[in-house]
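Okay, coords.cif now, which holds mmCIF, C-alpha atoms:
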data_start
#
loop_
_atom_site.label_atom_id
_atom_site.label_comp_id
_atom_site.auth_asym_id
_atom_site.auth_seq_id
_atom_site.Cartn_x
_atom_site.Cartn_y
_atom_site.Cartn_z
CA MET U 5 76.83 107.30 233.69
CA LYS U 6 74.45 109.67 235.49
CA ILE U 7 74.84 112.84 237.53
CA ASN U 8 72.45 115.07 239.41
CA ASP U 9 73.35 118.65 238.51
CA ALA U 10 71.99 121.48 240.68
CA ILE U 11 70.75 123.46 237.62
CA PHE U 12 70.15 120.88 234.86
CA GLY U 13 68.83 118.09 237.09
CA GLU U 14 69.51 114.39 236.64
CA LEU U 15 71.47 113.93 233.42
CA GLU U 16 72.67 110.84 231.63
CA TYR U 17 75.86 110.76 229.56
CA ASN U 18 76.19 109.28 226.08
CA TYR U 19 78.79 111.56 224.41
CA ILE U 20 76.50 114.40 225.49
CA TRP U 21 74.58 114.98 228.71
CA PHE U 22 70.81 114.68 228.30
CA ARG U 23 67.43 114.12 229.90
CA ASP U 24 63.78 114.51 229.01
CA ILE U 25 61.95 117.51 230.42
CA THR U 26 58.39 118.77 230.19
CA ILE U 27 57.95 122.34 229.01
CA ASP U 28 54.95 124.44 228.07
CA PHE U 29 55.17 125.42 224.40
CA ASN U 30 52.44 127.88 223.44
CA GLY U 31 49.91 126.37 225.80
CA LYS U 32 50.76 122.70 225.24
CA GLU U 33 52.74 120.60 227.72
CA THR U 34 55.48 119.01 225.63
CA VAL U 35 58.10 116.41 226.53
CA ILE U 36 61.38 117.33 224.89
CA SER U 37 65.04 116.41 225.15
CA LEU U 38 67.41 118.71 227.04
CA SER U 39 71.00 118.19 225.89
CA VAL U 40 74.03 119.86 227.41
CA ASN U 41 77.47 119.73 225.83
CA GLY U 42 80.05 118.63 228.36
CA GLU U 43 82.82 116.22 229.15
CA GLU U 44 82.35 112.94 230.99
CA ASP U 45 83.40 114.58 234.26
CA GLY U 46 80.02 116.37 234.42
CA LYS U 47 81.49 119.84 234.87
CA PHE U 48 79.83 122.57 232.86
CA ASP U 49 80.83 126.12 231.94
CA GLU U 50 79.32 128.97 233.96
CA VAL U 51 77.97 130.50 230.73
CA GLN U 52 76.00 127.28 230.11
CA TYR U 53 74.23 127.74 233.44
CA GLU U 54 73.68 131.43 232.69
CA ALA U 55 72.26 130.61 229.24
CA TYR U 56 69.87 127.99 230.60
CA ASN U 57 68.69 130.13 233.52
CA ALA U 58 68.13 133.18 231.28
CA PHE U 59 66.33 130.98 228.74
CA ILE U 60 63.97 129.49 231.36
CA LYS U 61 63.33 132.91 232.93
CA ASN U 62 62.42 134.40 229.51
CA TRP U 63 60.81 131.33 227.92
CA LYS U 64 57.29 132.77 227.95
CA GLN U 65 58.44 135.69 225.75
CA ILE U 66 60.95 133.66 223.69
CA GLN U 67 58.35 131.16 222.53
CA HIS U 68 56.38 134.02 220.98
CA ASP U 69 59.46 135.86 219.64
CA ILE U 70 60.63 132.84 217.61
CA LEU U 71 57.44 132.42 215.60
CA GLN U 72 57.90 135.36 213.18
CA PRO U 73 61.51 134.38 212.28
CA ILE U 74 60.30 130.79 211.71
CA LEU U 75 57.50 132.07 209.47
CA ASP U 76 59.98 134.28 207.58
CA TYR U 77 62.36 131.32 207.13
CA TYR U 78 59.51 129.10 205.90
CA ASN U 79 58.33 131.64 203.34
CA LYS U 80 61.90 132.33 202.17
CA THR U 81 62.52 128.59 201.73
CA ARG U 82 59.18 128.16 199.97
CA TYR U 83 60.12 130.96 197.57
CA GLU U 84 63.67 129.62 196.97
CA LEU U 85 62.25 126.19 196.10
CA GLY U 86 59.78 127.75 193.66
CA TYR U 87 56.69 126.65 195.58
CA ASP U 88 55.34 130.19 195.53
CA VAL U 89 54.54 129.62 191.84
CA GLY U 90 54.27 125.82 191.70
CA PHE U 91 52.12 123.78 194.08
CA ASN U 92 53.72 121.51 196.68
CA GLU U 93 51.53 119.95 199.37
CA ASN U 94 54.38 120.18 201.94
CA TYR U 95 54.71 123.95 201.41
CA PRO U 96 51.22 125.49 201.57
CA VAL U 97 50.67 129.24 201.68
CA VAL U 98 51.22 130.37 205.28
CA ASP U 99 50.54 133.96 206.30
CA THR U 100 50.37 133.94 210.10
CA THR U 101 52.42 132.81 213.07
CA ALA U 102 49.34 130.87 214.29
CA GLN U 103 49.46 128.84 211.05
CA ILE U 104 53.22 128.19 211.35
CA LEU U 105 52.74 127.12 214.97
CA GLU U 106 50.50 124.30 213.72
CA MET U 107 53.37 123.10 211.48
CA VAL U 108 56.12 122.81 214.11
CA LYS U 109 56.65 120.72 217.23
CA LEU U 110 59.36 121.55 219.75
CA ASP U 111 61.64 118.55 219.99
CA GLY U 112 64.65 119.63 222.04
CA ILE U 113 66.78 122.28 223.69
CA SER U 114 70.53 122.19 223.23
CA ILE U 115 73.04 124.02 225.41
CA PRO U 116 76.40 124.33 223.63
CA TYR U 117 79.77 124.69 225.29
CA GLY U 118 80.40 128.16 226.69
CA GLY U 119 82.58 130.41 224.56
CA ILE U 120 81.38 129.09 221.20
CA TYR U 121 79.22 132.17 220.67
CA GLU U 122 79.53 135.80 221.69
CA GLY U 123 76.94 135.50 224.43
CA ARG U 124 74.59 132.92 225.92
CA GLY U 125 73.83 130.29 223.27
CA ILE U 126 70.77 128.04 223.20
CA GLY U 127 69.55 125.89 220.34
CA LEU U 128 65.95 124.86 219.78
CA ALA U 129 65.20 121.81 217.64
CA PHE U 130 61.81 121.34 216.02
CA GLU U 131 60.09 118.76 213.91
CA CYS U 132 58.32 120.48 211.03
CA THR U 133 55.76 119.35 208.48
CA TRP U 134 57.60 120.74 205.46
CA ASP U 135 61.01 119.09 206.00
CA THR U 136 60.75 115.91 208.05
CA GLU U 137 64.30 114.86 207.16
CA ASN U 138 66.22 117.99 208.24
CA GLY U 139 63.79 119.47 210.75
CA LEU U 140 64.08 123.04 211.92
CA GLY U 141 66.62 124.69 214.19
CA VAL U 142 66.54 128.07 215.90
CA LEU U 143 69.72 129.48 217.40
CA LEU U 144 69.34 132.00 220.21
CA ILE U 145 72.15 134.23 221.45
CA ASP U 146 71.32 136.17 224.59
CA GLU U 147 67.69 135.04 224.18
CA GLN U 148 67.44 136.63 220.69
CA VAL U 149 66.95 134.69 217.44
CA THR U 150 70.18 134.85 215.44
CA GLU U 151 69.68 132.01 212.97
CA VAL U 152 66.87 129.81 211.65
CA GLY U 153 67.53 126.84 209.39
CA TYR U 154 67.91 123.09 209.38
CA GLN U 155 68.39 121.49 212.80
CA ASP U 156 72.15 121.46 212.27
CA VAL U 157 72.30 125.24 212.88
CA ILE U 158 72.14 124.41 216.58
CA MET U 159 74.87 121.78 216.62
#

Rewrite the coordinates I just gave you, this time as C-alpha cells.
Amino acid sequence: MKINDAIFGELEYNYIWFRDITIDFNGKETVISLSVNGEEDGKFDEVQYEAYNAFIKNWKQIQHDILQPILDYYNKTRYELGYDVGFNENYPVVDTTAQILEMVKLDGISIPYGGIYEGRGIGLAFECTWDTENGLGVLLIDEQVTEVGYQDVIM
C-alpha cells in the first residue's frame, strides 16, 4: 500500500511507513531510509509532522551537533571494553569529530509515534566501523541529542 503525504511524500507501508530520501550529511549526498511510525490508515500525529519539519529546518546545525556526543559515546565504549589499554583494530584511538565522521555513515531517519517522548522525537540510524552488528543510534528530542547507543535506542 502507498500514500502520498503532504509532508513526508510518497510512502510505502510494510508495518511501518517508509521511503528512500536523499539528504546532505556533512557535505556528502546520501540516500537513506525515512521511516514513520503509523497505522495502515496513513494518518500521522501532528507532533510527527512538527518533529520532521523542525528536524529538516535545523538539519544543517544538527548534523554538526551530533558529532561530539557520538565521539564521546565511542570513547566511552572503547574504554568500557578495555581497548584503551589493549589494542583492537575496530576501536582505534579517535580524538576529533572529523575522525569519527569518517567512521559513521547515516543510514536512516526514524519518526516515532507522537507522545512517546516529552517533545519532538527523531531517531538517526548509522552504520559504524566499530560495531557493524548493532550499528549506532542517536535519539533527538526537540532537536537535541538525548541518547547515543546501539541502533535500538531509536526504536

What would the list of residues within 10 Å of (72.2, 129.0, 231.8) (file frame) look like as a PDB file with C-alpha atoms, keeping the file's coordinate frame, if all atoms listed in the file are what count?
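Final output, selection.pdb:
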ATOM      1  CA  ILE U  11      70.750 123.460 237.620  1.00  0.00           C
ATOM      2  CA  PHE U  12      70.150 120.880 234.860  1.00  0.00           C
ATOM      3  CA  ASP U  49      80.830 126.120 231.940  1.00  0.00           C
ATOM      4  CA  GLU U  50      79.320 128.970 233.960  1.00  0.00           C
ATOM      5  CA  VAL U  51      77.970 130.500 230.730  1.00  0.00           C
ATOM      6  CA  GLN U  52      76.000 127.280 230.110  1.00  0.00           C
ATOM      7  CA  TYR U  53      74.230 127.740 233.440  1.00  0.00           C
ATOM      8  CA  GLU U  54      73.680 131.430 232.690  1.00  0.00           C
ATOM      9  CA  ALA U  55      72.260 130.610 229.240  1.00  0.00           C
ATOM     10  CA  TYR U  56      69.870 127.990 230.600  1.00  0.00           C
ATOM     11  CA  ASN U  57      68.690 130.130 233.520  1.00  0.00           C
ATOM     12  CA  ALA U  58      68.130 133.180 231.280  1.00  0.00           C
ATOM     13  CA  PHE U  59      66.330 130.980 228.740  1.00  0.00           C
ATOM     14  CA  ILE U  60      63.970 129.490 231.360  1.00  0.00           C
ATOM     15  CA  LYS U  61      63.330 132.910 232.930  1.00  0.00           C
ATOM     16  CA  ILE U 115      73.040 124.020 225.410  1.00  0.00           C
ATOM     17  CA  GLY U 118      80.400 128.160 226.690  1.00  0.00           C
ATOM     18  CA  ARG U 124      74.590 132.920 225.920  1.00  0.00           C
ATOM     19  CA  GLY U 125      73.830 130.290 223.270  1.00  0.00           C
ATOM     20  CA  ILE U 126      70.770 128.040 223.200  1.00  0.00           C
TER      21      ILE U 126
END

Query raised in the report: Leaving out Thr133 in chain U and any residue of its chain fewer than 6 positions from it, which residues lie within 10 Å of it when counting all atoms listed in the file, given as a PyMOL selection string?
Result: chain U and resi 94-95+104+106-109+139-140

Run through the PyMOL selection byres ((chain U and resi 67) around 12) on the given coordinates and return the selected residues as an mmCIF file with C-alpha atoms, in the frame of the given file.
data_model
loop_
_atom_site.group_PDB
_atom_site.id
_atom_site.type_symbol
_atom_site.label_atom_id
_atom_site.label_comp_id
_atom_site.auth_asym_id
_atom_site.auth_seq_id
_atom_site.Cartn_x
_atom_site.Cartn_y
_atom_site.Cartn_z
ATOM 1 C CA ILE U 27 57.950 122.340 229.010
ATOM 2 C CA ASP U 28 54.950 124.440 228.070
ATOM 3 C CA PHE U 29 55.170 125.420 224.400
ATOM 4 C CA ASN U 30 52.440 127.880 223.440
ATOM 5 C CA GLY U 31 49.910 126.370 225.800
ATOM 6 C CA LYS U 32 50.760 122.700 225.240
ATOM 7 C CA PHE U 59 66.330 130.980 228.740
ATOM 8 C CA ILE U 60 63.970 129.490 231.360
ATOM 9 C CA LYS U 61 63.330 132.910 232.930
ATOM 10 C CA ASN U 62 62.420 134.400 229.510
ATOM 11 C CA TRP U 63 60.810 131.330 227.920
ATOM 12 C CA LYS U 64 57.290 132.770 227.950
ATOM 13 C CA GLN U 65 58.440 135.690 225.750
ATOM 14 C CA ILE U 66 60.950 133.660 223.690
ATOM 15 C CA HIS U 68 56.380 134.020 220.980
ATOM 16 C CA ASP U 69 59.460 135.860 219.640
ATOM 17 C CA ILE U 70 60.630 132.840 217.610
ATOM 18 C CA LEU U 71 57.440 132.420 215.600
ATOM 19 C CA GLN U 72 57.900 135.360 213.180
ATOM 20 C CA PRO U 73 61.510 134.380 212.280
ATOM 21 C CA ILE U 74 60.300 130.790 211.710
ATOM 22 C CA THR U 101 52.420 132.810 213.070
ATOM 23 C CA LEU U 105 52.740 127.120 214.970
ATOM 24 C CA LYS U 109 56.650 120.720 217.230
ATOM 25 C CA LEU U 110 59.360 121.550 219.750
ATOM 26 C CA LEU U 128 65.950 124.860 219.780
ATOM 27 C CA VAL U 142 66.540 128.070 215.900
ATOM 28 C CA LEU U 144 69.340 132.000 220.210
ATOM 29 C CA GLU U 147 67.690 135.040 224.180
ATOM 30 C CA GLN U 148 67.440 136.630 220.690
ATOM 31 C CA VAL U 149 66.950 134.690 217.440
#

Report task. Could you tell me how far CA of Thr150 in chain U lies from CA of Asn92 in chain U, in Å and to one decimal? Result -> 28.3 Å

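Note that the spacing between CA of Gln103 in chain U and CA of Gly127 in chain U amounts to 22.3 Å.
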
Query raised in the report: Selected by the PyMOL selection byres ((chain U and resi 46) around 9) in the shown coordinates: which residues, as a PyMOL selection string?
Result: chain U and resi 6-7+9+15+17+21+42-45+47-48

**Report entry** Counting only C-alpha atoms, the residue of U:Tyr121, U:Val35, U:Pro96, U:Ser114 that sits nearest Tyr83 in chain U
**Finding:**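 Ranked by minimum distance to Tyr83 in chain U, first place goes to U:Pro96.
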
**Report entry** For Ile120 in chain U, the nearest of the candidates U:Gly153, U:Asp99, U:Lys80, U:Ile158, counting all atoms listed in the file
**Finding:** U:Ile158

**Report entry** Gap from CA of Asp146 in chain U to CA of Asn18 in chain U - Å, one decimal
**Finding:**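 Computing the Euclidean distance for CA of Asp146 in chain U and CA of Asn18 in chain U yields 27.4 Å.
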
Let me know the centre plus edge lengths, in Å and rounded to one decimal, of a box with edges along x, y and z that contains all listed atoms of range 43-61 of chain U and is padded by 5 Å on every side, as JSON.
{"center_x": 73.4, "center_y": 123.1, "center_z": 231.8, "size_x": 30.1, "size_y": 30.2, "size_z": 16.1}

What would range 63-92 of chain U look like with N, CA and C atoms restored, written as a PDB file, in the frame of the given file?
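Once written, part_29.pdb looks like this:
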ATOM      1  N   TRP U  63      61.424 132.269 228.865  1.00  0.00           N
ATOM      2  CA  TRP U  63      60.810 131.330 227.920  1.00  0.00           C
ATOM      3  C   TRP U  63      59.434 131.794 227.451  1.00  0.00           C
ATOM      4  N   LYS U  64      58.643 132.345 228.332  1.00  0.00           N
ATOM      5  CA  LYS U  64      57.290 132.770 227.950  1.00  0.00           C
ATOM      6  C   LYS U  64      57.359 133.769 226.780  1.00  0.00           C
ATOM      7  N   GLN U  65      58.292 134.716 226.835  1.00  0.00           N
ATOM      8  CA  GLN U  65      58.440 135.690 225.750  1.00  0.00           C
ATOM      9  C   GLN U  65      59.147 135.079 224.543  1.00  0.00           C
ATOM     10  N   ILE U  66      60.174 134.270 224.790  1.00  0.00           N
ATOM     11  CA  ILE U  66      60.950 133.660 223.690  1.00  0.00           C
ATOM     12  C   ILE U  66      60.060 132.846 222.772  1.00  0.00           C
ATOM     13  N   GLN U  67      59.165 132.038 223.359  1.00  0.00           N
ATOM     14  CA  GLN U  67      58.350 131.160 222.530  1.00  0.00           C
ATOM     15  C   GLN U  67      57.451 131.941 221.576  1.00  0.00           C
ATOM     16  N   HIS U  68      57.140 133.178 221.901  1.00  0.00           N
ATOM     17  CA  HIS U  68      56.380 134.020 220.980  1.00  0.00           C
ATOM     18  C   HIS U  68      57.314 134.732 219.990  1.00  0.00           C
ATOM     19  N   ASP U  69      58.500 135.134 220.485  1.00  0.00           N
ATOM     20  CA  ASP U  69      59.460 135.860 219.640  1.00  0.00           C
ATOM     21  C   ASP U  69      60.011 135.014 218.500  1.00  0.00           C
ATOM     22  N   ILE U  70      60.034 133.701 218.651  1.00  0.00           N
ATOM     23  CA  ILE U  70      60.630 132.840 217.610  1.00  0.00           C
ATOM     24  C   ILE U  70      59.690 132.580 216.440  1.00  0.00           C
ATOM     25  N   LEU U  71      58.397 132.808 216.632  1.00  0.00           N
ATOM     26  CA  LEU U  71      57.440 132.420 215.600  1.00  0.00           C
ATOM     27  C   LEU U  71      57.577 133.231 214.313  1.00  0.00           C
ATOM     28  N   GLN U  72      57.765 134.547 214.400  1.00  0.00           N
ATOM     29  CA  GLN U  72      57.900 135.360 213.180  1.00  0.00           C
ATOM     30  C   GLN U  72      59.166 134.982 212.398  1.00  0.00           C
ATOM     31  N   PRO U  73      60.333 134.827 213.044  1.00  0.00           N
ATOM     32  CA  PRO U  73      61.510 134.380 212.280  1.00  0.00           C
ATOM     33  C   PRO U  73      61.313 132.996 211.643  1.00  0.00           C
ATOM     34  N   ILE U  74      60.579 132.097 212.319  1.00  0.00           N
ATOM     35  CA  ILE U  74      60.300 130.790 211.710  1.00  0.00           C
ATOM     36  C   ILE U  74      59.411 130.965 210.494  1.00  0.00           C
ATOM     37  N   LEU U  75      58.378 131.788 210.603  1.00  0.00           N
ATOM     38  CA  LEU U  75      57.500 132.070 209.470  1.00  0.00           C
ATOM     39  C   LEU U  75      58.285 132.689 208.320  1.00  0.00           C
ATOM     40  N   ASP U  76      59.149 133.645 208.612  1.00  0.00           N
ATOM     41  CA  ASP U  76      59.980 134.280 207.580  1.00  0.00           C
ATOM     42  C   ASP U  76      60.876 133.249 206.900  1.00  0.00           C
ATOM     43  N   TYR U  77      61.502 132.380 207.684  1.00  0.00           N
ATOM     44  CA  TYR U  77      62.360 131.320 207.130  1.00  0.00           C
ATOM     45  C   TYR U  77      61.538 130.388 206.223  1.00  0.00           C
ATOM     46  N   TYR U  78      60.383 129.981 206.683  1.00  0.00           N
ATOM     47  CA  TYR U  78      59.510 129.100 205.900  1.00  0.00           C
ATOM     48  C   TYR U  78      59.175 129.730 204.550  1.00  0.00           C
ATOM     49  N   ASN U  79      58.731 130.981 204.578  1.00  0.00           N
ATOM     50  CA  ASN U  79      58.330 131.640 203.340  1.00  0.00           C
ATOM     51  C   ASN U  79      59.520 131.881 202.414  1.00  0.00           C
ATOM     52  N   LYS U  80      60.689 132.175 202.983  1.00  0.00           N
ATOM     53  CA  LYS U  80      61.900 132.330 202.170  1.00  0.00           C
ATOM     54  C   LYS U  80      62.260 130.992 201.512  1.00  0.00           C
ATOM     55  N   THR U  81      62.212 129.921 202.263  1.00  0.00           N
ATOM     56  CA  THR U  81      62.520 128.590 201.730  1.00  0.00           C
ATOM     57  C   THR U  81      61.508 128.196 200.663  1.00  0.00           C
ATOM     58  N   ARG U  82      60.249 128.458 200.926  1.00  0.00           N
ATOM     59  CA  ARG U  82      59.180 128.160 199.970  1.00  0.00           C
ATOM     60  C   ARG U  82      59.430 128.897 198.649  1.00  0.00           C
ATOM     61  N   TYR U  83      59.823 130.154 198.748  1.00  0.00           N
ATOM     62  CA  TYR U  83      60.120 130.960 197.570  1.00  0.00           C
ATOM     63  C   TYR U  83      61.346 130.413 196.831  1.00  0.00           C
ATOM     64  N   GLU U  84      62.435 130.115 197.585  1.00  0.00           N
ATOM     65  CA  GLU U  84      63.670 129.620 196.970  1.00  0.00           C
ATOM     66  C   GLU U  84      63.457 128.290 196.246  1.00  0.00           C
ATOM     67  N   LEU U  85      62.537 127.473 196.740  1.00  0.00           N
ATOM     68  CA  LEU U  85      62.250 126.190 196.100  1.00  0.00           C
ATOM     69  C   LEU U  85      61.252 126.317 194.951  1.00  0.00           C
ATOM     70  N   GLY U  86      60.704 127.509 194.764  1.00  0.00           N
ATOM     71  CA  GLY U  86      59.780 127.750 193.660  1.00  0.00           C
ATOM     72  C   GLY U  86      58.345 127.356 193.972  1.00  0.00           C
ATOM     73  N   TYR U  87      58.036 127.074 195.229  1.00  0.00           N
ATOM     74  CA  TYR U  87      56.690 126.650 195.580  1.00  0.00           C
ATOM     75  C   TYR U  87      55.733 127.821 195.755  1.00  0.00           C
ATOM     76  N   ASP U  88      56.233 129.032 195.549  1.00  0.00           N
ATOM     77  CA  ASP U  88      55.340 130.190 195.530  1.00  0.00           C
ATOM     78  C   ASP U  88      54.619 130.281 194.191  1.00  0.00           C
ATOM     79  N   VAL U  89      55.181 129.623 193.156  1.00  0.00           N
ATOM     80  CA  VAL U  89      54.540 129.620 191.840  1.00  0.00           C
ATOM     81  C   VAL U  89      54.048 128.232 191.434  1.00  0.00           C
ATOM     82  N   GLY U  90      54.688 127.187 191.982  1.00  0.00           N
ATOM     83  CA  GLY U  90      54.270 125.820 191.700  1.00  0.00           C
ATOM     84  C   GLY U  90      53.785 125.157 192.982  1.00  0.00           C
ATOM     85  N   PHE U  91      52.723 124.391 192.895  1.00  0.00           N
ATOM     86  CA  PHE U  91      52.120 123.780 194.080  1.00  0.00           C
ATOM     87  C   PHE U  91      52.989 122.663 194.641  1.00  0.00           C
ATOM     88  N   ASN U  92      53.101 122.631 195.967  1.00  0.00           N
ATOM     89  CA  ASN U  92      53.720 121.510 196.680  1.00  0.00           C
ATOM     90  C   ASN U  92      52.947 121.358 197.977  1.00  0.00           C
TER      91      ASN U  92
END
